[in-house]
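One file, start.txt, carrying compact mmCIF, C-alpha atoms and all ligand atoms:
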# COMPACT_ATOMS: atom_id res chain seq x y z
CA MET A 19 105.58 100.40 61.21
CA THR A 20 105.48 99.91 64.96
CA PHE A 21 106.42 102.82 67.20
CA HIS A 22 109.35 102.80 69.52
CA PHE A 23 110.95 104.99 72.13
CA ILE A 24 114.51 106.14 71.52
CA SER A 25 117.35 107.89 73.37
CA VAL A 26 118.81 111.33 72.69
CA ASP A 27 121.75 109.76 70.79
CA GLN A 28 119.44 107.65 68.65
CA ALA A 29 117.25 110.70 68.03
CA SER A 30 120.15 112.77 66.73
CA ASP A 31 121.31 109.90 64.47
CA THR A 32 117.76 109.42 63.16
CA LEU A 33 117.39 113.13 62.40
CA LYS A 34 120.78 113.27 60.67
CA LYS A 35 119.67 110.38 58.45
CA GLY A 36 116.70 112.45 57.27
CA HIS A 37 113.95 110.88 59.38
CA LEU A 38 111.46 112.52 61.74
CA VAL A 39 111.49 112.21 65.53
CA ALA A 40 108.91 113.29 68.14
CA LEU A 41 110.70 115.25 70.86
CA PRO A 42 109.60 116.67 74.20
CA THR A 43 109.81 120.41 74.84
CA GLU A 44 108.68 122.35 77.90
CA THR A 45 105.50 123.39 76.00
CA VAL A 46 104.24 120.45 73.91
CA TYR A 47 105.84 117.55 72.01
CA GLY A 48 107.28 118.55 68.64
CA LEU A 49 107.58 116.59 65.40
CA ALA A 50 111.14 117.42 64.39
CA ALA A 51 113.31 117.40 61.26
CA THR A 52 116.64 119.09 60.59
CA ALA A 53 116.02 122.56 59.16
CA HIS A 54 118.15 122.01 56.03
CA ASP A 55 116.44 118.76 54.97
CA GLU A 56 113.56 119.63 52.63
CA GLN A 57 112.62 115.98 52.06
CA ALA A 58 112.18 115.50 55.80
CA ILE A 59 110.27 118.78 56.13
CA LEU A 60 107.91 117.65 53.40
CA LYS A 61 107.25 114.52 55.47
CA ILE A 62 106.27 116.72 58.45
CA TYR A 63 103.58 118.47 56.39
CA GLN A 64 102.34 115.14 55.00
CA LEU A 65 102.31 113.31 58.30
CA LYS A 66 100.49 116.12 60.12
CA LYS A 67 98.18 116.80 57.14
CA ARG A 68 99.26 120.41 57.60
CA PRO A 69 98.43 123.02 54.97
CA SER A 70 101.63 124.03 53.18
CA PHE A 71 100.91 127.73 53.83
CA ASN A 72 101.40 127.25 57.57
CA PRO A 73 105.11 127.76 58.41
CA LEU A 74 107.15 125.95 61.07
CA ILE A 75 109.16 127.13 64.09
CA PHE A 76 112.98 126.79 64.00
CA HIS A 77 114.40 125.49 67.29
CA VAL A 78 117.94 126.48 68.26
CA SER A 79 120.33 125.65 71.09
CA ASP A 80 121.92 129.09 71.49
CA GLN A 81 121.79 132.70 70.37
CA LYS A 82 124.65 132.20 67.92
CA MET A 83 122.66 129.54 66.08
CA ALA A 84 119.60 131.81 66.14
CA GLU A 85 121.56 134.60 64.46
CA THR A 86 122.61 132.30 61.61
CA LEU A 87 118.91 132.17 60.74
CA GLY A 88 117.37 135.53 61.53
CA VAL A 89 118.09 139.20 62.05
CA PHE A 90 117.45 140.38 65.60
CA SER A 91 116.35 143.96 66.26
CA PRO A 92 117.41 145.47 69.61
CA GLU A 93 113.93 144.62 70.99
CA ALA A 94 114.17 141.04 69.66
CA LYS A 95 117.59 140.69 71.33
CA LEU A 96 116.19 141.96 74.61
CA LEU A 97 113.29 139.50 74.45
CA ALA A 98 115.61 136.59 73.58
CA LYS A 99 117.98 137.51 76.40
CA THR A 100 115.11 137.68 78.88
CA PHE A 101 113.00 134.67 77.91
CA TRP A 102 115.37 132.19 76.25
CA PRO A 103 115.73 129.34 76.77
CA GLY A 104 111.97 129.19 77.23
CA PRO A 105 108.51 129.16 75.67
CA LEU A 106 108.74 132.33 73.56
CA THR A 107 108.89 132.30 69.74
CA LEU A 108 110.20 135.37 67.93
CA VAL A 109 109.32 136.15 64.32
CA VAL A 110 112.30 137.91 62.73
CA PRO A 111 113.43 138.76 59.17
CA ILE A 112 115.29 135.87 57.48
CA CYS A 113 119.06 136.28 57.45
CA GLN A 114 120.40 136.87 53.91
CA HIS A 115 123.18 134.30 54.26
CA ILE A 116 121.39 131.10 55.31
CA PRO A 117 123.25 128.31 53.50
CA PHE A 118 120.13 126.23 52.82
CA SER A 119 116.69 126.78 51.35
CA THR A 120 114.03 127.82 53.87
CA GLY A 121 111.09 128.11 51.49
CA LEU A 122 109.25 125.01 52.61
CA ALA A 123 109.59 125.58 56.36
CA THR A 124 108.72 129.28 56.15
CA ALA A 125 105.94 128.77 53.58
CA GLY A 126 107.74 131.26 51.38
CA LEU A 127 107.56 134.14 53.89
CA SER A 128 110.44 136.61 54.23
CA THR A 129 110.33 136.11 57.99
CA LEU A 130 111.01 133.12 60.17
CA ALA A 131 109.87 132.00 63.62
CA ILE A 132 112.63 131.00 66.09
CA ARG A 133 112.67 129.69 69.60
CA MET A 134 115.26 128.30 72.00
CA PRO A 135 113.52 125.57 74.00
CA GLN A 136 114.31 124.96 77.63
CA HIS A 137 113.67 121.22 77.84
CA PRO A 138 117.02 119.49 78.53
CA LEU A 139 116.32 116.54 76.16
CA MET A 140 115.35 118.85 73.29
CA GLN A 141 118.42 121.01 74.00
CA GLN A 142 120.66 117.93 73.94
CA VAL A 143 119.24 116.70 70.65
CA ILE A 144 119.76 120.10 68.94
CA GLN A 145 123.32 120.25 70.26
CA LYS A 146 124.12 116.72 69.09
CA VAL A 147 122.67 117.38 65.64
CA GLY A 148 124.58 120.68 65.61
CA ALA A 149 121.92 122.38 63.49
CA PRO A 150 118.49 123.97 63.97
CA LEU A 151 115.45 121.70 64.06
CA VAL A 152 112.07 122.65 62.65
CA ALA A 153 109.23 121.25 64.72
CA PRO A 154 105.51 121.83 64.75
CA SER A 155 103.45 120.30 67.51
CA ALA A 156 103.32 116.49 67.23
CA ASN A 157 99.63 116.08 66.37
CA LEU A 158 97.40 116.06 63.32
CA SER A 159 96.83 119.60 62.06
CA GLY A 160 93.87 121.21 63.82
CA TYR A 161 93.60 118.65 66.64
CA LEU A 162 94.66 118.64 70.27
CA SER A 163 98.39 119.11 70.93
CA ALA A 164 100.25 116.38 72.79
CA THR A 165 101.98 117.03 76.12
CA ARG A 166 102.68 113.35 76.90
CA ALA A 167 104.26 110.61 74.77
CA GLN A 168 101.04 108.57 75.03
CA ASP A 169 99.08 111.44 73.45
CA VAL A 170 101.57 111.62 70.55
CA LEU A 171 100.85 107.91 70.02
CA LYS A 172 97.11 108.56 70.11
CA GLY A 173 97.24 111.56 67.82
CA LEU A 174 99.24 110.38 64.81
CA ALA A 175 98.43 107.53 62.44
CA PRO A 176 100.18 104.29 63.57
CA GLU A 177 101.57 103.61 60.10
CA ASN A 178 103.34 107.00 60.18
CA MET A 179 104.41 106.97 63.83
CA PRO A 180 107.87 108.48 64.25
CA PRO A 181 110.17 107.24 67.03
CA ILE A 182 109.61 109.21 70.24
CA VAL A 183 111.97 110.52 72.92
CA ASP A 184 109.85 110.18 76.05
CA GLY A 185 110.40 113.17 78.32
CA GLY A 186 107.34 112.64 80.52
CA THR A 187 104.70 115.36 80.78
CA CYS A 188 105.59 118.77 79.34
CA GLU A 189 106.06 121.18 82.23
CA ARG A 190 104.30 124.23 80.80
CA GLY A 191 101.59 122.41 78.85
CA LEU A 192 100.73 125.15 76.32
CA GLU A 193 102.53 126.14 73.12
CA SER A 194 104.99 129.03 73.07
CA THR A 195 103.85 132.63 72.90
CA ILE A 196 104.61 134.07 69.44
CA LEU A 197 105.72 137.68 68.96
CA ASP A 198 106.24 139.46 65.64
CA THR A 199 109.37 141.57 66.10
CA THR A 200 109.42 142.63 62.43
CA HIS A 201 106.67 145.09 63.30
CA THR A 202 107.12 148.22 65.44
CA PRO A 203 105.66 148.08 68.01
CA VAL A 204 106.05 144.33 68.50
CA ARG A 205 102.80 142.39 67.97
CA LEU A 206 101.38 139.30 69.61
CA LEU A 207 100.64 136.52 67.08
CA ARG A 208 99.72 133.74 69.51
CA TYR A 209 98.91 133.68 73.22
CA GLY A 210 101.04 131.03 74.85
CA ALA A 211 103.08 129.88 77.82
CA VAL A 212 104.70 133.27 78.47
CA PRO A 213 101.92 135.56 79.73
CA THR A 214 101.54 138.91 77.95
CA GLU A 215 102.02 140.71 81.29
CA SER A 216 105.59 139.32 81.56
CA ILE A 217 106.36 140.56 78.03
CA ALA A 218 104.86 143.99 78.77
CA ASN A 219 107.16 144.27 81.81
CA ILE A 220 110.18 143.97 79.53
CA LEU A 221 108.93 146.00 76.54
CA HIS A 222 107.23 148.66 78.71
CA TYR A 223 104.13 148.32 76.54
CA THR A 224 101.56 145.59 75.94
CA PRO A 225 101.99 144.04 72.49
CA GLN A 226 98.73 144.19 70.59
CA SER A 227 97.22 140.88 69.63
CA ILE A 228 96.42 140.49 65.97
CA ASP A 229 93.81 137.83 65.73
CA ALA A 230 93.40 137.62 62.01
CA PRO A 231 93.15 134.02 60.82
CA THR A 232 93.67 134.99 57.21
CA ALA A 233 96.53 137.43 57.75
CA ILE A 234 99.83 136.31 56.27
CA LYS A 235 101.54 137.30 59.53
CA ALA A 236 99.98 134.42 61.39
CA PRO A 237 98.83 131.87 58.87
CA GLY A 238 98.70 129.17 61.52
CA GLN A 239 96.19 130.99 63.61
CA LEU A 240 93.34 129.15 61.96
CA LYS A 241 89.95 129.61 63.54
CA SER A 242 89.38 125.94 64.25
CA HIS A 243 92.41 124.50 66.00
CA TYR A 244 93.43 122.56 69.10
CA ALA A 245 90.10 120.71 68.80
CA PRO A 246 89.17 117.26 70.12
CA SER A 247 86.80 115.13 68.05
CA LEU A 248 83.93 115.97 70.44
CA PRO A 249 82.24 119.40 70.34
CA VAL A 250 83.46 121.77 73.05
CA ARG A 251 81.36 124.25 75.07
CA MET A 252 83.28 126.88 77.02
CA ASN A 253 82.25 129.17 79.92
CA ALA A 254 79.90 126.38 81.02
CA THR A 255 78.22 126.79 84.39
CA THR A 256 75.95 123.77 84.05
CA CYS A 257 76.55 120.23 82.86
CA GLU A 258 74.13 118.82 80.31
CA LYS A 259 73.16 115.16 79.95
CA ASP A 260 75.97 113.01 78.50
CA GLU A 261 78.50 115.86 78.60
CA ALA A 262 81.91 115.44 80.19
CA PHE A 263 82.47 118.44 82.47
CA LEU A 264 85.92 119.92 82.94
CA GLY A 265 85.93 122.18 85.97
CA PHE A 266 88.14 125.04 87.07
CA GLY A 267 88.38 126.18 90.72
CA SER A 268 85.04 125.87 92.49
CA VAL A 269 82.98 125.45 89.27
CA SER A 270 82.91 121.71 89.16
CA PHE A 271 80.32 119.02 88.46
CA SER A 272 82.64 116.04 87.98
CA GLN A 273 85.93 114.60 89.13
CA TRP A 274 87.71 116.38 86.25
CA ASN A 275 89.13 119.74 87.22
CA LEU A 276 91.89 121.78 85.53
CA SER A 277 92.89 123.22 88.89
CA PRO A 278 90.69 122.78 91.97
CA SER A 279 92.61 125.61 93.65
CA GLY A 280 92.12 127.90 90.63
CA HIS A 281 95.79 128.15 89.64
CA LEU A 282 96.32 128.99 85.98
CA GLU A 283 99.80 127.37 85.75
CA GLU A 284 98.34 124.10 87.04
CA ALA A 285 95.40 124.44 84.63
CA ALA A 286 97.74 125.03 81.67
CA CYS A 287 99.65 121.85 82.47
CA ALA A 288 96.48 119.80 82.92
CA PHE A 289 94.65 121.18 79.86
CA PHE A 290 95.76 118.96 76.96
CA PRO A 291 96.04 115.69 78.99
CA LEU A 292 92.50 116.13 80.33
CA MET A 293 91.07 117.10 76.94
CA HIS A 294 92.66 113.94 75.46
CA GLN A 295 91.28 111.88 78.31
CA LEU A 296 87.73 113.23 77.93
CA ASP A 297 87.66 113.03 74.15
CA GLN A 298 85.62 109.81 74.09
CA PRO A 299 82.83 110.04 71.50
CA GLN A 300 81.54 106.58 72.41
CA LYS A 301 80.92 107.78 75.99
CA TYR A 302 80.14 111.51 75.82
CA LYS A 303 78.36 113.83 73.41
CA GLY A 304 80.53 116.85 74.18
CA ILE A 305 83.00 118.47 76.57
CA ALA A 306 81.83 121.41 78.69
CA VAL A 307 84.54 123.56 80.25
CA ALA A 308 84.08 125.90 83.22
CA PRO A 309 84.92 129.62 82.84
CA ILE A 310 88.63 130.40 83.04
CA PRO A 311 89.62 133.91 84.16
CA LEU A 312 91.10 136.30 81.60
CA SER A 313 94.44 137.04 83.21
CA GLY A 314 97.96 135.60 82.87
CA LEU A 315 97.85 132.17 81.23
CA GLY A 316 94.06 132.45 81.16
CA TYR A 317 94.37 134.30 77.84
CA ALA A 318 96.18 131.36 76.23
CA LEU A 319 93.74 128.84 77.73
CA ASN A 320 90.69 130.82 76.56
CA ASP A 321 92.30 131.19 73.11
CA ARG A 322 92.75 127.39 72.83
CA LEU A 323 89.17 126.82 74.00
CA THR A 324 87.70 129.40 71.60
CA ARG A 325 89.45 127.68 68.69
CA ALA A 326 88.43 124.22 69.96
CA CYS A 327 84.79 125.45 69.93
CA SER A 328 84.96 126.76 66.33
CA PRO A 329 83.40 124.52 63.71
CA ARG A 330 85.94 122.67 61.59
CA THR A 331 86.22 123.93 58.06
CA LYS A 332 86.74 120.52 56.48
O1 LIG A 401 105.60 125.57 71.77
C1 LIG A 401 105.68 125.56 70.55
O2 LIG A 401 105.78 126.58 69.87
C2 LIG A 401 105.63 124.17 69.87
C3 LIG A 401 106.89 123.40 70.25
C4 LIG A 401 106.99 122.07 69.56
O3 LIG A 401 108.03 124.19 70.02
N1 LIG A 401 105.50 124.31 68.45
C5 LIG A 401 104.36 124.72 67.86
O4 LIG A 401 104.43 124.69 66.47
O5 LIG A 401 103.38 125.08 68.46
P1 LIG A 401 103.14 124.80 65.54
O6 LIG A 401 103.64 124.46 64.19
O7 LIG A 401 102.07 123.98 66.08
O8 LIG A 401 102.81 126.32 65.57
C6 LIG A 401 103.69 127.23 64.95
C7 LIG A 401 103.00 128.54 64.73
C8 LIG A 401 101.97 128.49 63.63
O9 LIG A 401 100.82 129.20 64.09
C9 LIG A 401 102.64 129.23 62.48
O10 LIG A 401 101.73 129.87 61.64
C10 LIG A 401 103.49 130.23 63.23
O11 LIG A 401 104.00 129.48 64.30
N2 LIG A 401 104.61 130.74 62.41
C11 LIG A 401 105.69 130.07 61.97
N3 LIG A 401 106.47 130.86 61.20
C12 LIG A 401 105.87 132.07 61.18
C13 LIG A 401 106.18 133.32 60.56
N4 LIG A 401 107.27 133.48 59.82
N5 LIG A 401 105.33 134.35 60.76
C14 LIG A 401 104.22 134.19 61.52
N6 LIG A 401 103.86 133.04 62.13
C15 LIG A 401 104.68 131.99 61.96
MG MG A 402 100.24 123.15 66.59

Please rewrite the model in this file as structure tokens.
Ligand code: TXA
Ligand code: MG
Amino acid sequence: MTFHFISVDQASDTLKKGHLVALPTETVYGLAATAHDEQAILKIYQLKKRPSFNPLIFHVSDQKMAETLGVFSPEAKLLAKTFWPGPLTLVVPICQHIPFSTGLATAGLSTLAIRMPQHPLMQQVIQKVGAPLVAPSANLSGYLSATRAQDVLKGLAPENMPPIVDGGTCERGLESTILDTTHTPVRLLRYGAVPTESIANILHYTPQSIDAPTAIKAPGQLKSHYAPSLPVRMNATTCEKDEAFLGFGSVSFSQWNLSPSGHLEEAACAFFPLMHQLDQPQKYKGIAVAPIPLSGLGYALNDRLTRACSPRTK
């Protein structure tokens, strides 16, 4: 099958017919299906080669739609009110009255992850479909996420390529932050595009990060993830022979720099495009990345790099 780019109207028709579509969000491109279509959801897992124990995020257009899926505690409501639409995912208990089976998308958990994306094209597609969309990042499981349509094309097998709505480069560039609101106090399951400091300002405490790859609470937080095909070396202050060097601020030995001025927002946006660009095994033997400070979005960037450095399990 050859790939093609489609409009918002075509995307909603395609989804309603039970097919997958790659859609832009403000974080990364998502590989979407309608949440009630188990056949289509099965195709997501197959196409991404994603382990079936790793659940998907439900994307909604408004709070009313969110509350048809999950039960919001007062803290979850406050977080949704503050950060939605935007790059925050909330894990909540599944609502008793969902009129369709959620087992496949939630990997059988009694909780479900929800977010209301900010990207206008994604918003329009959800509204036109009139139902929640499940969407993991539009890349093969374990590999680099895609923040441009061209990287979706590079990352998925051509014979399985879904049609794509091209929304240009994703503004935030890193996946959503995931919070578990079923636990008191709220816990951080994934560092992401909303910095922990902003969440702490609203909750009046800093949610503790549980970094447990095997814990059922965050089955997707696999040790090796977000990895290019080349080995990655982080906190690099030298550049070895045949390495591609990705600088940050003044630490720079090449023309590639996440943010010459040392801005973390700029670095977040540049991260996946530059990693895709440098992932050239025929040219380099590895990618070395300069140290990135541990503050704000630096936590999410260092988290992605740590996982990119971990040896693959397969
Ligand atoms: O920014 C994003 O979140 C992007 C865009 C497309 O929305 N999506 C994304 O999806 O990053 P994905 O599938 O790559 O990551 C979803 C994460 C996984 O780590 C998964 O384990 C976790 O969400 N997750 C989903 N449901 C969960 C649940 N009930 N409890 C805990 N973690 C859950
Ligand atoms: Mg992903």

Give me the residues within 9 Å of region 250-262 of chain A as a list in words, counting all atoms listed in the file and dropping any in the same chain fewer than 5 places off. Ala245, Val269, Ser270, Phe271, Ser272, Trp274, Leu296, Asp297, Lys301, Tyr302, Lys303, Gly304, Ile305, Ala306, Val307, Ala308, Pro309, Ile310, Asn320, Leu323, Thr324, Ala326, Cys327 and Ser328 of chain A

Proximity of chain A to ligand MG 402 (chain A): per-residue shortest pair, 7 Å limit, only C-alpha atoms and all ligand atoms, as JSON lines:
{"residue": "A:Pro154", "atom": "CA", "partner": "A:MG402", "partner_atom": "MG", "distance": 5.7}
{"residue": "A:Ser155", "atom": "CA", "partner": "A:MG402", "partner_atom": "MG", "distance": 4.4}
{"residue": "A:Ser159", "atom": "CA", "partner": "A:MG402", "partner_atom": "MG", "distance": 6.7}
{"residue": "A:Ser163", "atom": "CA", "partner": "A:MG402", "partner_atom": "MG", "distance": 6.2}

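The shortest atom-to-atom distance to Thr199 (chain A), with only C-alpha atoms taken into account, belongs to A:Val109 out of A:Val109, A:Val89, A:Leu264, A:Ala29.
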
Might you pull out every residue within 10 Å of Ser91 (chain A), with only C-alpha atoms counted and same-chain residues fewer than 6 positions away left off, and present them as a compact mmCIF listing (two decimals) with C-alpha atoms, in the frame of the given file?
# COMPACT_ATOMS: atom_id res chain seq x y z
CA LEU A 97 113.29 139.50 74.45
CA VAL A 110 112.30 137.91 62.73
CA PRO A 111 113.43 138.76 59.17
CA THR A 199 109.37 141.57 66.10
CA THR A 200 109.42 142.63 62.43

Would you mind listing the residues within 8 Å of ligand LIG 401 (chain A), counting only C-alpha atoms and all ligand atoms, as a VMD selection string? chain A and resid 41 to 49 72 to 75 77 105 to 107 109 to 110 123 to 125 127 to 133 135 153 to 156 159 163 192 to 196 198 207 to 208 210 to 211 234 to 240

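For the pair CA of Ser277 (chain A) and CA of Phe290 (chain A), the interatomic distance is 13.0 Å.
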
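One finds CA of Glu284 (chain A) at 25.1 Å from CA of Leu158 (chain A).
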
Per residue of region 156-227 of chain A within 12 Å of region 52-68 of chain A, record the nearest atom pair and its distance in Å to one decimal, counting only C-alpha atoms, with rows in chain order and ascending residue number, as a Markdown table.
| residue | atom | partner | partner_atom | distance |
| --- | --- | --- | --- | --- |
| A:Ala156 | CA | A:Lys66 | CA | 7.7 |
| A:Asn157 | CA | A:Lys66 | CA | 6.3 |
| A:Leu158 | CA | A:Lys66 | CA | 4.4 |
| A:Ser159 | CA | A:Arg68 | CA | 5.1 |
| A:Gly160 | CA | A:Arg68 | CA | 8.3 |
| A:Tyr161 | CA | A:Lys66 | CA | 9.8 |
| A:Leu162 | CA | A:Lys66 | CA | 12.0 |
| A:Ser163 | CA | A:Lys66 | CA | 11.4 |
| A:Val170 | CA | A:Lys66 | CA | 11.4 |
| A:Gly173 | CA | A:Lys66 | CA | 9.5 |
| A:Leu174 | CA | A:Lys66 | CA | 7.5 |
| A:Ala175 | CA | A:Leu65 | CA | 8.1 |
| A:Pro176 | CA | A:Leu65 | CA | 10.7 |
| A:Glu177 | CA | A:Leu65 | CA | 9.9 |
| A:Asn178 | CA | A:Leu65 | CA | 6.7 |
| A:Met179 | CA | A:Leu65 | CA | 8.7 |
| A:Pro180 | CA | A:Leu65 | CA | 9.5 |

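Minimum distance to Pro225 (chain A) across A:Leu319, A:Met134, A:Val204, A:Leu276 (counting only C-alpha atoms) occurs at A:Val204.
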
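Here CA of Arg330 (chain A) is placed at a distance of 14.1 Å from CA of Pro69 (chain A).
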
Residue with smallest distance to Gln168 (chain A) - pool A:Val147, A:Leu315, A:Val26, A:Ala40, counting only C-alpha atoms: A:Ala40

Check the smallest atom-to-atom distance from each of A:Gln300, A:Gln114, A:Thr120, A:Ser79 to Val143 (chain A) using only C-alpha atoms, then report the winner. A:Ser79

Give me, as an NGL selection string, all polymer residues having an atom no more than 8 Å from Pro278 (chain A), counting all atoms listed in the file and skipping those fewer than 5 positions away in the same chain. :A and (265-268)

To box region 97-100 of chain A, take all atoms listed in the file, fit an axis-aligned box, add 5 Å on each side, and give centre and edge lengths in Å to one decimal, as JSON.
{"center_x": 115.6, "center_y": 138.0, "center_z": 76.2, "size_x": 14.7, "size_y": 12.9, "size_z": 15.3}

Gln226 (chain A): which residues within 10 Å, counting only C-alpha atoms, same-chain residues fewer than 6 positions away excluded, as a JSON list (two decimals) with C-alpha atoms, in the frame of the given file?
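result_39.json written:
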[["chain", "number", "residue", "atom", "x", "y", "z"],
["A", 197, "LEU", "CA", 105.72, 137.68, 68.96],
["A", 203, "PRO", "CA", 105.66, 148.08, 68.01],
["A", 204, "VAL", "CA", 106.05, 144.33, 68.50],
["A", 205, "ARG", "CA", 102.80, 142.39, 67.97],
["A", 206, "LEU", "CA", 101.38, 139.30, 69.61],
["A", 207, "LEU", "CA", 100.64, 136.52, 67.08],
["A", 214, "THR", "CA", 101.54, 138.91, 77.95]]

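Closest approach to Gln145 (chain A) among A:Val78, A:Ala84, A:Leu122, A:Leu108 is made by A:Val78 (distances from all atoms listed in the file).
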
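When the distance limit is 9 Å and all atoms listed in the file are what count, the residues near Ile116 (chain A), minus those fewer than 4 positions from it on the same chain, are A:Thr86, A:Leu87, A:Gly88, A:Ile112, A:Thr120.
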